[in-house]
file start-v1.csv (CSV, C-alpha atoms and all ligand atoms)
chain,number,residue,atom,x,y,z
A,1,MET,CA,24.1,12.0,-38.6
A,2,ASP,CA,21.3,13.0,-41.0
A,3,HIS,CA,17.9,13.8,-39.5
A,4,ARG,CA,16.2,13.8,-42.9
A,5,LEU,CA,16.1,10.0,-43.0
A,6,LEU,CA,13.9,10.1,-39.9
A,7,GLN,CA,11.4,12.3,-41.7
A,8,GLN,CA,10.8,9.7,-44.4
A,9,ALA,CA,7.9,7.3,-44.0
A,10,SER,CA,10.0,4.5,-45.6
A,11,PHE,CA,12.4,4.7,-42.6
A,12,TRP,CA,9.5,4.0,-40.3
A,13,GLU,CA,8.1,1.3,-42.5
A,14,PHE,CA,11.5,-0.4,-42.5
A,15,LEU,CA,11.6,-0.3,-38.6
A,16,PHE,CA,8.0,-1.6,-38.4
A,17,ALA,CA,9.1,-4.7,-40.4
A,18,VAL,CA,11.9,-5.2,-37.9
A,19,ASP,CA,9.4,-5.0,-35.0
A,20,GLU,CA,7.2,-7.6,-36.8
A,21,ASP,CA,10.2,-10.0,-36.9
A,22,LEU,CA,10.8,-9.4,-33.2
A,23,ALA,CA,7.1,-10.1,-32.5
A,24,ALA,CA,7.1,-13.2,-34.6
A,25,SER,CA,10.0,-14.7,-32.7
A,26,ALA,CA,8.4,-13.8,-29.3
A,27,CYS,CA,5.1,-15.4,-30.5
A,28,GLU,CA,7.0,-18.6,-31.6
A,29,SER,CA,8.6,-18.9,-28.2
A,30,GLY,CA,5.2,-18.8,-26.5
A,31,CYS,CA,4.4,-18.0,-22.9
A,32,SER,CA,6.7,-19.2,-20.1
A,33,CYS,CA,3.7,-21.3,-18.8
A,34,GLY,CA,3.7,-23.2,-22.0
A,35,GLY,CA,0.6,-21.5,-23.4
A,36,HIS,CA,0.1,-20.0,-26.8
A,37,LEU,CA,0.4,-16.3,-27.4
A,38,HIS,CA,-2.4,-14.4,-29.2
A,39,ARG,CA,-2.0,-10.9,-30.7
A,40,ALA,CA,-3.1,-8.2,-28.3
A,41,LYS,CA,-1.5,-5.0,-29.6
A,42,PHE,CA,-2.1,-1.8,-27.6
A,43,PRO,CA,-2.6,1.7,-28.8
A,44,ARG,CA,0.2,4.3,-29.0
A,45,LYS,CA,0.3,7.9,-30.1
A,46,PRO,CA,4.0,8.4,-30.8
A,47,ARG,CA,5.5,11.9,-31.4
A,48,GLY,CA,8.4,13.0,-33.5
A,49,GLY,CA,7.4,11.1,-36.7
A,50,PRO,CA,6.6,12.7,-40.0
A,51,ALA,CA,3.0,13.6,-41.0
A,52,ASP,CA,2.8,10.5,-43.1
A,53,LEU,CA,4.0,8.1,-40.3
A,54,PRO,CA,2.5,4.7,-41.3
A,55,PRO,CA,-0.7,3.8,-39.5
A,56,GLU,CA,1.0,0.8,-37.9
A,57,TYR,CA,2.6,3.3,-35.5
A,58,GLY,CA,-0.8,3.7,-33.8
A,59,TYR,CA,-0.1,0.6,-31.8
A,60,ARG,CA,2.7,-1.5,-30.2
A,61,LEU,CA,2.8,-5.2,-31.0
A,62,SER,CA,2.0,-7.3,-28.0
A,63,PHE,CA,0.5,-10.6,-27.0
A,64,CYS,CA,-1.6,-12.3,-24.4
A,65,CYS,CA,-1.3,-15.9,-23.2
A,66,ASN,CA,-4.3,-17.9,-24.1
A,67,ARG,CA,-4.2,-20.2,-21.1
A,68,GLU,CA,-6.9,-19.7,-18.5
A,69,GLY,CA,-5.4,-18.7,-15.2
A,70,CYS,CA,-2.3,-17.2,-16.9
A,71,ARG,CA,-3.3,-14.7,-19.5
A,72,LYS,CA,0.1,-13.1,-19.1
A,73,ARG,CA,0.9,-10.2,-21.4
A,74,VAL,CA,4.1,-10.5,-23.4
A,75,THR,CA,5.4,-7.4,-25.1
A,76,PRO,CA,8.4,-8.1,-27.3
A,77,PRO,CA,11.3,-5.8,-27.6
A,78,SER,CA,10.9,-3.0,-30.1
A,79,VAL,CA,13.0,-0.9,-32.4
A,80,ARG,CA,10.2,1.8,-32.6
A,81,PHE,CA,9.1,2.5,-29.0
A,82,LEU,CA,11.0,2.8,-25.7
A,83,GLY,CA,8.6,1.6,-23.1
A,84,ARG,CA,5.9,4.2,-22.5
A,85,LYS,CA,7.9,7.1,-23.6
A,86,VAL,CA,5.9,9.1,-26.2
A,87,TYR,CA,8.7,10.0,-28.6
A,88,LEU,CA,9.8,7.5,-31.2
A,89,HIS,CA,13.0,5.9,-30.0
A,90,ALA,CA,15.2,6.8,-33.0
A,91,VAL,CA,14.1,10.5,-32.7
A,92,SER,CA,14.9,10.7,-29.0
A,93,ILE,CA,18.4,9.1,-29.6
A,94,LEU,CA,19.2,11.4,-32.5
A,95,VAL,CA,18.1,14.7,-30.9
A,96,ALA,CA,19.7,13.8,-27.5
A,97,ALA,CA,22.9,13.1,-29.4
A,98,MET,CA,22.7,16.3,-31.3
A,99,GLN,CA,22.5,18.2,-28.0
A,100,GLN,CA,26.0,17.0,-27.3
A,101,GLY,CA,27.4,17.4,-30.8
A,102,ALA,CA,25.8,20.4,-32.4
A,103,THR,CA,25.5,24.1,-32.0
A,104,PRO,CA,22.6,25.4,-29.8
A,105,ARG,CA,21.1,26.9,-33.0
A,106,ARG,CA,21.1,23.5,-34.7
A,107,VAL,CA,19.6,21.8,-31.6
A,108,GLN,CA,16.8,24.4,-31.6
A,109,GLU,CA,16.1,23.8,-35.3
A,110,LEU,CA,15.9,20.1,-34.8
A,111,SER,CA,13.7,20.3,-31.7
A,112,GLN,CA,11.3,22.5,-33.7
A,113,ARG,CA,11.3,20.1,-36.6
A,114,PHE,CA,10.5,17.2,-34.4
A,115,GLU,CA,8.3,19.2,-32.0
A,116,ILE,CA,10.2,18.6,-28.9
A,117,ASP,CA,10.0,21.1,-26.0
A,118,ARG,CA,12.8,22.2,-23.7
A,119,ARG,CA,11.6,20.2,-20.8
A,120,THR,CA,11.6,17.0,-22.9
A,121,LEU,CA,15.2,17.7,-24.1
A,122,ALA,CA,16.3,18.2,-20.4
A,123,ARG,CA,14.6,14.9,-19.5
A,124,TRP,CA,16.5,13.1,-22.2
A,125,GLN,CA,19.8,14.4,-20.9
A,126,VAL,CA,18.9,13.1,-17.5
A,127,PHE,CA,17.9,9.8,-19.0
A,128,TRP,CA,21.2,9.3,-20.9
A,129,GLN,CA,23.5,10.7,-18.3
A,130,GLU,CA,21.9,9.2,-15.1
A,131,GLN,CA,19.3,6.6,-15.7
A,132,PHE,CA,20.6,4.6,-18.7
A,133,PRO,CA,24.2,4.1,-17.4
A,134,ARG,CA,22.8,2.6,-14.2
A,135,THR,CA,20.7,-0.1,-16.0
A,136,ALA,CA,21.7,-3.7,-15.8
A,137,PHE,CA,21.6,-3.7,-19.6
A,138,TRP,CA,24.3,-1.1,-20.1
A,139,LYS,CA,26.5,-2.6,-17.4
A,140,VAL,CA,26.7,-5.7,-19.6
A,141,ALA,CA,26.3,-4.3,-23.0
A,142,ARG,CA,29.0,-1.7,-22.8
A,143,GLY,CA,31.5,-4.6,-22.6
A,144,PHE,CA,30.6,-5.4,-26.2
A,145,LEU,CA,31.6,-2.0,-27.4
A,146,LEU,CA,35.3,-1.5,-27.8
A,147,PRO,CA,36.9,1.0,-27.4
A,148,VAL,CA,34.8,1.8,-24.4
A,149,VAL,CA,31.9,4.3,-24.7
A,150,GLU,CA,32.1,6.6,-21.7
A,151,ALA,CA,28.7,7.2,-19.9
A,152,ALA,CA,29.4,11.0,-20.1
A,153,ALA,CA,29.4,10.7,-23.9
A,154,LEU,CA,26.0,9.0,-24.2
A,155,PRO,CA,24.2,8.9,-26.5
A,156,LEU,CA,26.4,10.7,-29.0
A,157,LYS,CA,29.3,8.3,-29.0
A,158,LEU,CA,26.9,5.3,-29.1
A,159,LEU,CA,25.2,6.7,-32.2
A,160,GLN,CA,28.5,7.4,-33.8
A,161,ARG,CA,29.6,3.9,-33.1
A,162,PHE,CA,26.7,2.5,-35.1
A,163,LEU,CA,26.2,5.1,-37.8
A,164,HIS,CA,29.3,4.9,-39.9
A,165,GLY,CA,28.5,7.6,-42.5
A,166,HIS,CA,28.7,7.7,-46.2
A,167,ASP,CA,30.0,4.3,-47.1
A,168,SER,CA,27.4,2.3,-45.1
A,169,ASP,CA,23.6,1.8,-45.3
A,170,PRO,CA,22.1,4.1,-42.7
A,171,LEU,CA,18.9,1.9,-42.5
A,172,GLN,CA,21.0,-1.1,-41.5
A,173,ASP,CA,23.1,1.0,-39.1
A,174,TRP,CA,19.9,2.3,-37.4
A,175,LYS,CA,18.5,-1.2,-37.3
A,176,ARG,CA,21.7,-2.5,-35.6
A,177,LEU,CA,21.7,0.3,-33.0
A,178,LEU,CA,18.0,0.0,-32.2
A,179,LEU,CA,18.3,-3.8,-32.0
A,180,PHE,CA,21.3,-3.4,-29.7
A,181,LEU,CA,19.1,-1.1,-27.4
A,182,SER,CA,15.9,-3.2,-27.8
A,183,PRO,CA,16.4,-5.1,-24.5
A,184,ILE,CA,15.6,-1.8,-22.6
A,185,THR,CA,12.3,-1.4,-24.4
A,186,ILE,CA,10.5,-4.2,-22.6
A,187,THR,CA,8.9,-4.0,-19.2
A,188,GLY,CA,11.7,-3.9,-16.6
A,189,GLY,CA,14.3,-3.3,-19.2
A,190,LEU,CA,15.5,-0.1,-17.5
A,191,LYS,CA,16.1,-1.8,-14.1
A,192,GLY,CA,19.4,-1.2,-12.4
B,1,ZN,ZN,0.9,-18.2,-20.0
call {"tool": "encode", "arguments": {"input": "start-v1.csv", "output": "structure tokens", "more": "lines below"}}
Ligand SMILES: [Zn+2]
result
Amino acid sequence: MDHRLLQQASFWEFLFAVDEDLAASACESGCSCGGHLHRAKFPRKPRGGPADLPPEYGYRLSFCCNREGCRKRVTPPSVRFLGRKVYLHAVSILVAAMQQGATPRRVQELSQRFEIDRRTLARWQVFWQEQFPRTAFWKVARGFLLPVVEAAALPLKLLQRFLHGHDSDPLQDWKRLLLFLSPITITGGLKG
């Protein structure tokens, strides 16, 4: 697990392109009422990214139905943002995993680097240990991961399952992991 990748603007450009693909398929599917979707992105101020985080990170891709009387907002899944949480999704997964797998000193170094305070770190542990395992998503999705990933080992074991190390392409590994988790990034995605 290499945190340096997450400090490169190219990593975030790559993930933005994935989000654009997700948005394009959502747009093609249209609204459930049959209406067309128009772009209606909304502003975000994500934390945890490098100083040269691409400007596209100032918003989340989203749509509005064009049909009078519907006007429903449709926000596609994302590999960048987790709902309204302020930290970039990959950063929160990586640092939460490091809390389980690294020395306290290393965790401190990383949280300084990504500007994450102690309370946020504690919240992420609660999220992964208590909230995430209870989601309808995880109850189904864990069945696709064999051998089983125990809830107590989240998110470290999940990250290790997707990030294979030196002989694989870490960008593609991150893409697979974040796409796997993307159903939880939409409204209601964390429901039990
Ligand atoms: Zn509609």
call {"tool": "residues_near_ligand", "arguments": {"input": "start-v1.csv", "ligand": "ligand ZN 1 (chain B)", "cutoff": "7 Å", "atoms": "all atoms listed in the file", "output": "PyMOL selection string"}}
result
chain A and resi 31-35+65-67+70-72
call {"tool": "write_last_selection", "arguments": {"input": "start-v1.csv", "atoms": "C-alpha atoms", "output": "mmCIF file, in the coordinates of the input"}}
result
data_model
loop_
_atom_site.group_PDB
_atom_site.id
_atom_site.type_symbol
_atom_site.label_atom_id
_atom_site.label_comp_id
_atom_site.auth_asym_id
_atom_site.auth_seq_id
_atom_site.Cartn_x
_atom_site.Cartn_y
_atom_site.Cartn_z
ATOM 1 C CA CYS A 31 4.400 -18.000 -22.900
ATOM 2 C CA SER A 32 6.700 -19.200 -20.100
ATOM 3 C CA CYS A 33 3.700 -21.300 -18.800
ATOM 4 C CA GLY A 34 3.700 -23.200 -22.000
ATOM 5 C CA GLY A 35 0.600 -21.500 -23.400
ATOM 6 C CA CYS A 65 -1.300 -15.900 -23.200
ATOM 7 C CA ASN A 66 -4.300 -17.900 -24.100
ATOM 8 C CA ARG A 67 -4.200 -20.200 -21.100
ATOM 9 C CA CYS A 70 -2.300 -17.200 -16.900
ATOM 10 C CA ARG A 71 -3.300 -14.700 -19.500
ATOM 11 C CA LYS A 72 0.100 -13.100 -19.100
#
call {"tool": "residues_around", "arguments": {"input": "start-v1.csv", "residues": "Pro147 (chain A)", "least_positions_apart": "3", "cutoff": "12 Å", "atoms": "all atoms listed in the file", "output": "PyMOL selection string"}}
result
chain A and resi 142-144+150+157-158+161
call {"tool": "write_last_selection", "arguments": {"input": "start-v1.csv", "atoms": "C-alpha atoms", "output": "JSON list (two decimals), in the frame of the given file"}}
result
[["chain", "number", "residue", "atom", "x", "y", "z"],
["A", 142, "ARG", "CA", 29.00, -1.70, -22.80],
["A", 143, "GLY", "CA", 31.50, -4.60, -22.60],
["A", 144, "PHE", "CA", 30.60, -5.40, -26.20],
["A", 150, "GLU", "CA", 32.10, 6.60, -21.70],
["A", 157, "LYS", "CA", 29.30, 8.30, -29.00],
["A", 158, "LEU", "CA", 26.90, 5.30, -29.10],
["A", 161, "ARG", "CA", 29.60, 3.90, -33.10]]
call {"tool": "closest_atom_pairs", "arguments": {"input": "start-v1.csv", "of": "region 16-75 of chain A", "to": "region 172-186 of chain A", "cutoff": "10 Å", "atoms": "all atoms listed in the file", "output": "tab-separated table"}}
result
residue	atom	partner	partner_atom	distance
A:Val18	CA	A:Lys175	CA	7.7
A:Asp19	CA	A:Leu179	CA	9.5
A:Leu22	CA	A:Leu179	CA	9.4
A:Val74	CA	A:Ile186	CA	9.0
A:Thr75	CA	A:Ile186	CA	6.5
call {"tool": "atom_distance", "arguments": {"input": "start-v1.csv", "atom1": "CA of Glu56 (chain A)", "atom2": "CA of Ala23 (chain A)"}}
result
13.6 Å
call {"tool": "atom_distance", "arguments": {"input": "start-v1.csv", "atom1": "CA of Arg47 (chain A)", "atom2": "CA of Leu88 (chain A)"}}
result
6.2 Å
call {"tool": "residues_around", "arguments": {"input": "start-v1.csv", "residues": "region 94-99 of chain A", "least_positions_apart": "3", "cutoff": "6 Å", "atoms": "all atoms listed in the file", "output": "number ranges by chain"}}
result
A: 91, 102, 107, 155-156
call {"tool": "atom_distance", "arguments": {"input": "start-v1.csv", "atom1": "CA of Leu53 (chain A)", "atom2": "CA of Ala9 (chain A)"}}
result
5.4 Å
call {"tool": "residues_around", "arguments": {"input": "start-v1.csv", "residues": "Ala152 (chain A)", "least_positions_apart": "5", "cutoff": "12 Å", "atoms": "only C-alpha atoms", "output": "PyMOL selection string"}}
result
chain A and resi 97+100+125-133+157-158
call {"tool": "write_last_selection", "arguments": {"input": "start-v1.csv", "atoms": "C-alpha atoms", "output": "PDB file, keeping the file's coordinate frame"}}
result
ATOM      1  CA  ALA A  97      22.900  13.100 -29.400  1.00  0.00           C
ATOM      2  CA  GLN A 100      26.000  17.000 -27.300  1.00  0.00           C
ATOM      3  CA  GLN A 125      19.800  14.400 -20.900  1.00  0.00           C
ATOM      4  CA  VAL A 126      18.900  13.100 -17.500  1.00  0.00           C
ATOM      5  CA  PHE A 127      17.900   9.800 -19.000  1.00  0.00           C
ATOM      6  CA  TRP A 128      21.200   9.300 -20.900  1.00  0.00           C
ATOM      7  CA  GLN A 129      23.500  10.700 -18.300  1.00  0.00           C
ATOM      8  CA  GLU A 130      21.900   9.200 -15.100  1.00  0.00           C
ATOM      9  CA  GLN A 131      19.300   6.600 -15.700  1.00  0.00           C
ATOM     10  CA  PHE A 132      20.600   4.600 -18.700  1.00  0.00           C
ATOM     11  CA  PRO A 133      24.200   4.100 -17.400  1.00  0.00           C
ATOM     12  CA  LYS A 157      29.300   8.300 -29.000  1.00  0.00           C
ATOM     13  CA  LEU A 158      26.900   5.300 -29.100  1.00  0.00           C
TER      14      LEU A 158
END
call {"tool": "closest_residue", "arguments": {"input": "start-v1.csv", "among": "A:Arg113, A:Arg73, A:Arg105, A:Arg4", "to": "His36 (chain A)", "atoms": "all atoms listed in the file"}}
result
A:Arg73
call {"tool": "closest_atom_pairs", "arguments": {"input": "start-v1.csv", "of": "region 50-124 of chain A", "to": "region 40-44 of chain A", "cutoff": "10 Å", "atoms": "only C-alpha atoms", "output": "JSON lines"}}
result
{"residue": "A:Glu56", "atom": "CA", "partner": "A:Arg44", "partner_atom": "CA", "distance": 9.6}
{"residue": "A:Tyr57", "atom": "CA", "partner": "A:Arg44", "partner_atom": "CA", "distance": 7.0}
{"residue": "A:Gly58", "atom": "CA", "partner": "A:Arg44", "partner_atom": "CA", "distance": 4.9}
{"residue": "A:Tyr59", "atom": "CA", "partner": "A:Pro43", "partner_atom": "CA", "distance": 4.1}
{"residue": "A:Arg60", "atom": "CA", "partner": "A:Phe42", "partner_atom": "CA", "distance": 5.5}
{"residue": "A:Leu61", "atom": "CA", "partner": "A:Lys41", "partner_atom": "CA", "distance": 4.5}
{"residue": "A:Ser62", "atom": "CA", "partner": "A:Lys41", "partner_atom": "CA", "distance": 4.5}
{"residue": "A:Phe63", "atom": "CA", "partner": "A:Ala40", "partner_atom": "CA", "distance": 4.5}
{"residue": "A:Cys64", "atom": "CA", "partner": "A:Ala40", "partner_atom": "CA", "distance": 5.9}
{"residue": "A:Cys65", "atom": "CA", "partner": "A:Ala40", "partner_atom": "CA", "distance": 9.4}
{"residue": "A:Arg73", "atom": "CA", "partner": "A:Ala40", "partner_atom": "CA", "distance": 8.2}
{"residue": "A:Val74", "atom": "CA", "partner": "A:Ala40", "partner_atom": "CA", "distance": 9.0}
{"residue": "A:Thr75", "atom": "CA", "partner": "A:Lys41", "partner_atom": "CA", "distance": 8.6}
{"residue": "A:Phe81", "atom": "CA", "partner": "A:Arg44", "partner_atom": "CA", "distance": 9.1}
{"residue": "A:Arg84", "atom": "CA", "partner": "A:Arg44", "partner_atom": "CA", "distance": 8.6}
{"residue": "A:Lys85", "atom": "CA", "partner": "A:Arg44", "partner_atom": "CA", "distance": 9.8}
{"residue": "A:Val86", "atom": "CA", "partner": "A:Arg44", "partner_atom": "CA", "distance": 8.0}
call {"tool": "residues_around", "arguments": {"input": "start-v1.csv", "residues": "Leu15 (chain A)", "least_positions_apart": "5", "cutoff": "9 Å", "atoms": "all atoms listed in the file", "output": "NGL selection string"}}
result
:A and (10 or 20 or 78-80 or 171 or 174-175)
call {"tool": "write_last_selection", "arguments": {"input": "start-v1.csv", "atoms": "C-alpha atoms", "output": "mmCIF file, keeping the file's coordinate frame"}}
result
data_model
loop_
_atom_site.group_PDB
_atom_site.id
_atom_site.type_symbol
_atom_site.label_atom_id
_atom_site.label_comp_id
_atom_site.auth_asym_id
_atom_site.auth_seq_id
_atom_site.Cartn_x
_atom_site.Cartn_y
_atom_site.Cartn_z
ATOM 1 C CA SER A 10 10.000 4.500 -45.600
ATOM 2 C CA GLU A 20 7.200 -7.600 -36.800
ATOM 3 C CA SER A 78 10.900 -3.000 -30.100
ATOM 4 C CA VAL A 79 13.000 -0.900 -32.400
ATOM 5 C CA ARG A 80 10.200 1.800 -32.600
ATOM 6 C CA LEU A 171 18.900 1.900 -42.500
ATOM 7 C CA TRP A 174 19.900 2.300 -37.400
ATOM 8 C CA LYS A 175 18.500 -1.200 -37.300
#
call {"tool": "closest_residue", "arguments": {"input": "start-v1.csv", "among": "A:Ser25, A:Gln112, A:Glu13, A:Gly83", "to": "Leu190 (chain A)", "atoms": "only C-alpha atoms"}}
result
A:Gly83
call {"tool": "decode", "arguments": {"input": "start-v1.csv", "residues": "region 36-47 of chain A", "atoms": "all heavy atoms", "output": "PDB file, in the first residue's frame"}}
result
ATOM      1  N   HIS A  36     -35.446  13.216 -19.862  1.00  0.00           N
ATOM      2  CA  HIS A  36     -34.007  13.305 -20.135  1.00  0.00           C
ATOM      3  C   HIS A  36     -33.292  13.962 -18.965  1.00  0.00           C
ATOM      4  O   HIS A  36     -33.864  14.784 -18.255  1.00  0.00           O
ATOM      5  CB  HIS A  36     -33.760  14.128 -21.402  1.00  0.00           C
ATOM      6  CG  HIS A  36     -34.233  13.427 -22.632  1.00  0.00           C
ATOM      7  ND1 HIS A  36     -33.600  12.306 -23.124  1.00  0.00           N
ATOM      8  CD2 HIS A  36     -35.281  13.679 -23.456  1.00  0.00           C
ATOM      9  CE1 HIS A  36     -34.244  11.894 -24.213  1.00  0.00           C
ATOM     10  NE2 HIS A  36     -35.275  12.708 -24.429  1.00  0.00           N
ATOM     11  N   LEU A  37     -32.033  13.587 -18.817  1.00  0.00           N
ATOM     12  CA  LEU A  37     -31.257  14.160 -17.726  1.00  0.00           C
ATOM     13  C   LEU A  37     -30.344  15.259 -18.235  1.00  0.00           C
ATOM     14  O   LEU A  37     -29.680  15.087 -19.263  1.00  0.00           O
ATOM     15  CB  LEU A  37     -30.430  13.067 -17.043  1.00  0.00           C
ATOM     16  CG  LEU A  37     -31.243  11.976 -16.340  1.00  0.00           C
ATOM     17  CD1 LEU A  37     -30.314  10.925 -15.747  1.00  0.00           C
ATOM     18  CD2 LEU A  37     -32.128  12.571 -15.249  1.00  0.00           C
ATOM     19  N   HIS A  38     -30.332  16.356 -17.520  1.00  0.00           N
ATOM     20  CA  HIS A  38     -29.431  17.460 -17.830  1.00  0.00           C
ATOM     21  C   HIS A  38     -28.388  17.584 -16.736  1.00  0.00           C
ATOM     22  O   HIS A  38     -28.682  17.363 -15.565  1.00  0.00           O
ATOM     23  CB  HIS A  38     -30.215  18.777 -17.937  1.00  0.00           C
ATOM     24  CG  HIS A  38     -31.032  18.850 -19.184  1.00  0.00           C
ATOM     25  ND1 HIS A  38     -31.696  19.977 -19.572  1.00  0.00           N
ATOM     26  CD2 HIS A  38     -31.290  17.902 -20.128  1.00  0.00           C
ATOM     27  CE1 HIS A  38     -32.327  19.746 -20.713  1.00  0.00           C
ATOM     28  NE2 HIS A  38     -32.108  18.494 -21.071  1.00  0.00           N
ATOM     29  N   ARG A  39     -27.195  17.997 -17.138  1.00  0.00           N
ATOM     30  CA  ARG A  39     -26.118  18.145 -16.162  1.00  0.00           C
ATOM     31  C   ARG A  39     -26.469  19.196 -15.110  1.00  0.00           C
ATOM     32  O   ARG A  39     -26.938  20.275 -15.446  1.00  0.00           O
ATOM     33  CB  ARG A  39     -24.821  18.550 -16.864  1.00  0.00           C
ATOM     34  CG  ARG A  39     -24.095  17.342 -17.438  1.00  0.00           C
ATOM     35  CD  ARG A  39     -22.712  17.709 -17.948  1.00  0.00           C
ATOM     36  NE  ARG A  39     -22.085  16.521 -18.516  1.00  0.00           N
ATOM     37  CZ  ARG A  39     -21.146  15.798 -17.887  1.00  0.00           C
ATOM     38  NH1 ARG A  39     -20.713  16.163 -16.695  1.00  0.00           N
ATOM     39  NH2 ARG A  39     -20.649  14.734 -18.451  1.00  0.00           N
ATOM     40  N   ALA A  40     -26.282  18.845 -13.863  1.00  0.00           N
ATOM     41  CA  ALA A  40     -26.531  19.776 -12.760  1.00  0.00           C
ATOM     42  C   ALA A  40     -25.554  19.440 -11.637  1.00  0.00           C
ATOM     43  O   ALA A  40     -25.934  19.023 -10.554  1.00  0.00           O
ATOM     44  CB  ALA A  40     -27.979  19.658 -12.278  1.00  0.00           C
ATOM     45  N   LYS A  41     -24.272  19.593 -11.951  1.00  0.00           N
ATOM     46  CA  LYS A  41     -23.248  19.216 -10.975  1.00  0.00           C
ATOM     47  C   LYS A  41     -23.350  20.092  -9.736  1.00  0.00           C
ATOM     48  O   LYS A  41     -23.849  21.213  -9.801  1.00  0.00           O
ATOM     49  CB  LYS A  41     -21.859  19.339 -11.613  1.00  0.00           C
ATOM     50  CG  LYS A  41     -21.535  20.722 -12.116  1.00  0.00           C
ATOM     51  CD  LYS A  41     -20.298  20.708 -12.998  1.00  0.00           C
ATOM     52  CE  LYS A  41     -19.943  22.123 -13.442  1.00  0.00           C
ATOM     53  NZ  LYS A  41     -18.813  22.152 -14.367  1.00  0.00           N
ATOM     54  N   PHE A  42     -22.916  19.571  -8.600  1.00  0.00           N
ATOM     55  CA  PHE A  42     -22.947  20.430  -7.411  1.00  0.00           C
ATOM     56  C   PHE A  42     -21.571  20.534  -6.777  1.00  0.00           C
ATOM     57  O   PHE A  42     -20.739  19.642  -6.896  1.00  0.00           O
ATOM     58  CB  PHE A  42     -24.037  20.010  -6.422  1.00  0.00           C
ATOM     59  CG  PHE A  42     -23.982  18.594  -5.940  1.00  0.00           C
ATOM     60  CD1 PHE A  42     -23.234  18.254  -4.825  1.00  0.00           C
ATOM     61  CD2 PHE A  42     -24.718  17.596  -6.582  1.00  0.00           C
ATOM     62  CE1 PHE A  42     -23.193  16.955  -4.366  1.00  0.00           C
ATOM     63  CE2 PHE A  42     -24.692  16.287  -6.124  1.00  0.00           C
ATOM     64  CZ  PHE A  42     -23.924  15.970  -5.017  1.00  0.00           C
ATOM     65  N   PRO A  43     -21.349  21.680  -6.113  1.00  0.00           N
ATOM     66  CA  PRO A  43     -19.998  21.980  -5.625  1.00  0.00           C
ATOM     67  C   PRO A  43     -19.556  21.088  -4.475  1.00  0.00           C
ATOM     68  O   PRO A  43     -20.370  20.693  -3.644  1.00  0.00           O
ATOM     69  CB  PRO A  43     -20.094  23.440  -5.160  1.00  0.00           C
ATOM     70  CG  PRO A  43     -21.538  23.689  -4.948  1.00  0.00           C
ATOM     71  CD  PRO A  43     -22.295  22.772  -5.847  1.00  0.00           C
ATOM     72  N   ARG A  44     -18.285  20.765  -4.465  1.00  0.00           N
ATOM     73  CA  ARG A  44     -17.672  19.999  -3.381  1.00  0.00           C
ATOM     74  C   ARG A  44     -16.360  20.686  -3.014  1.00  0.00           C
ATOM     75  O   ARG A  44     -15.754  21.368  -3.833  1.00  0.00           O
ATOM     76  CB  ARG A  44     -17.361  18.568  -3.841  1.00  0.00           C
ATOM     77  CG  ARG A  44     -18.560  17.708  -4.188  1.00  0.00           C
ATOM     78  CD  ARG A  44     -19.443  17.387  -2.998  1.00  0.00           C
ATOM     79  NE  ARG A  44     -18.723  17.099  -1.782  1.00  0.00           N
ATOM     80  CZ  ARG A  44     -18.648  15.895  -1.208  1.00  0.00           C
ATOM     81  NH1 ARG A  44     -19.244  14.871  -1.753  1.00  0.00           N
ATOM     82  NH2 ARG A  44     -18.009  15.729  -0.079  1.00  0.00           N
ATOM     83  N   LYS A  45     -15.952  20.471  -1.764  1.00  0.00           N
ATOM     84  CA  LYS A  45     -14.639  20.969  -1.330  1.00  0.00           C
ATOM     85  C   LYS A  45     -13.924  19.827  -0.654  1.00  0.00           C
ATOM     86  O   LYS A  45     -13.822  19.777   0.567  1.00  0.00           O
ATOM     87  CB  LYS A  45     -14.817  22.126  -0.339  1.00  0.00           C
ATOM     88  CG  LYS A  45     -14.803  23.487  -0.966  1.00  0.00           C
ATOM     89  CD  LYS A  45     -14.673  24.543   0.105  1.00  0.00           C
ATOM     90  CE  LYS A  45     -14.723  25.926  -0.528  1.00  0.00           C
ATOM     91  NZ  LYS A  45     -14.726  26.985   0.477  1.00  0.00           N
ATOM     92  N   PRO A  46     -13.452  18.890  -1.453  1.00  0.00           N
ATOM     93  CA  PRO A  46     -12.902  17.679  -0.841  1.00  0.00           C
ATOM     94  C   PRO A  46     -11.576  17.939  -0.123  1.00  0.00           C
ATOM     95  O   PRO A  46     -10.807  18.807  -0.516  1.00  0.00           O
ATOM     96  CB  PRO A  46     -12.691  16.753  -2.039  1.00  0.00           C
ATOM     97  CG  PRO A  46     -12.516  17.660  -3.199  1.00  0.00           C
ATOM     98  CD  PRO A  46     -13.349  18.874  -2.918  1.00  0.00           C
ATOM     99  N   ARG A  47     -11.328  17.161   0.910  1.00  0.00           N
ATOM    100  CA  ARG A  47     -10.049  17.226   1.627  1.00  0.00           C
ATOM    101  C   ARG A  47      -9.244  15.953   1.368  1.00  0.00           C
ATOM    102  O   ARG A  47      -9.796  14.926   0.996  1.00  0.00           O
ATOM    103  CB  ARG A  47     -10.299  17.331   3.121  1.00  0.00           C
ATOM    104  CG  ARG A  47     -10.860  18.669   3.514  1.00  0.00           C
ATOM    105  CD  ARG A  47     -10.765  18.809   5.021  1.00  0.00           C
ATOM    106  NE  ARG A  47     -11.810  19.696   5.479  1.00  0.00           N
ATOM    107  CZ  ARG A  47     -12.311  19.684   6.707  1.00  0.00           C
ATOM    108  NH1 ARG A  47     -11.877  18.808   7.598  1.00  0.00           N
ATOM    109  NH2 ARG A  47     -13.259  20.525   7.044  1.00  0.00           N
TER     110      ARG A  47
END
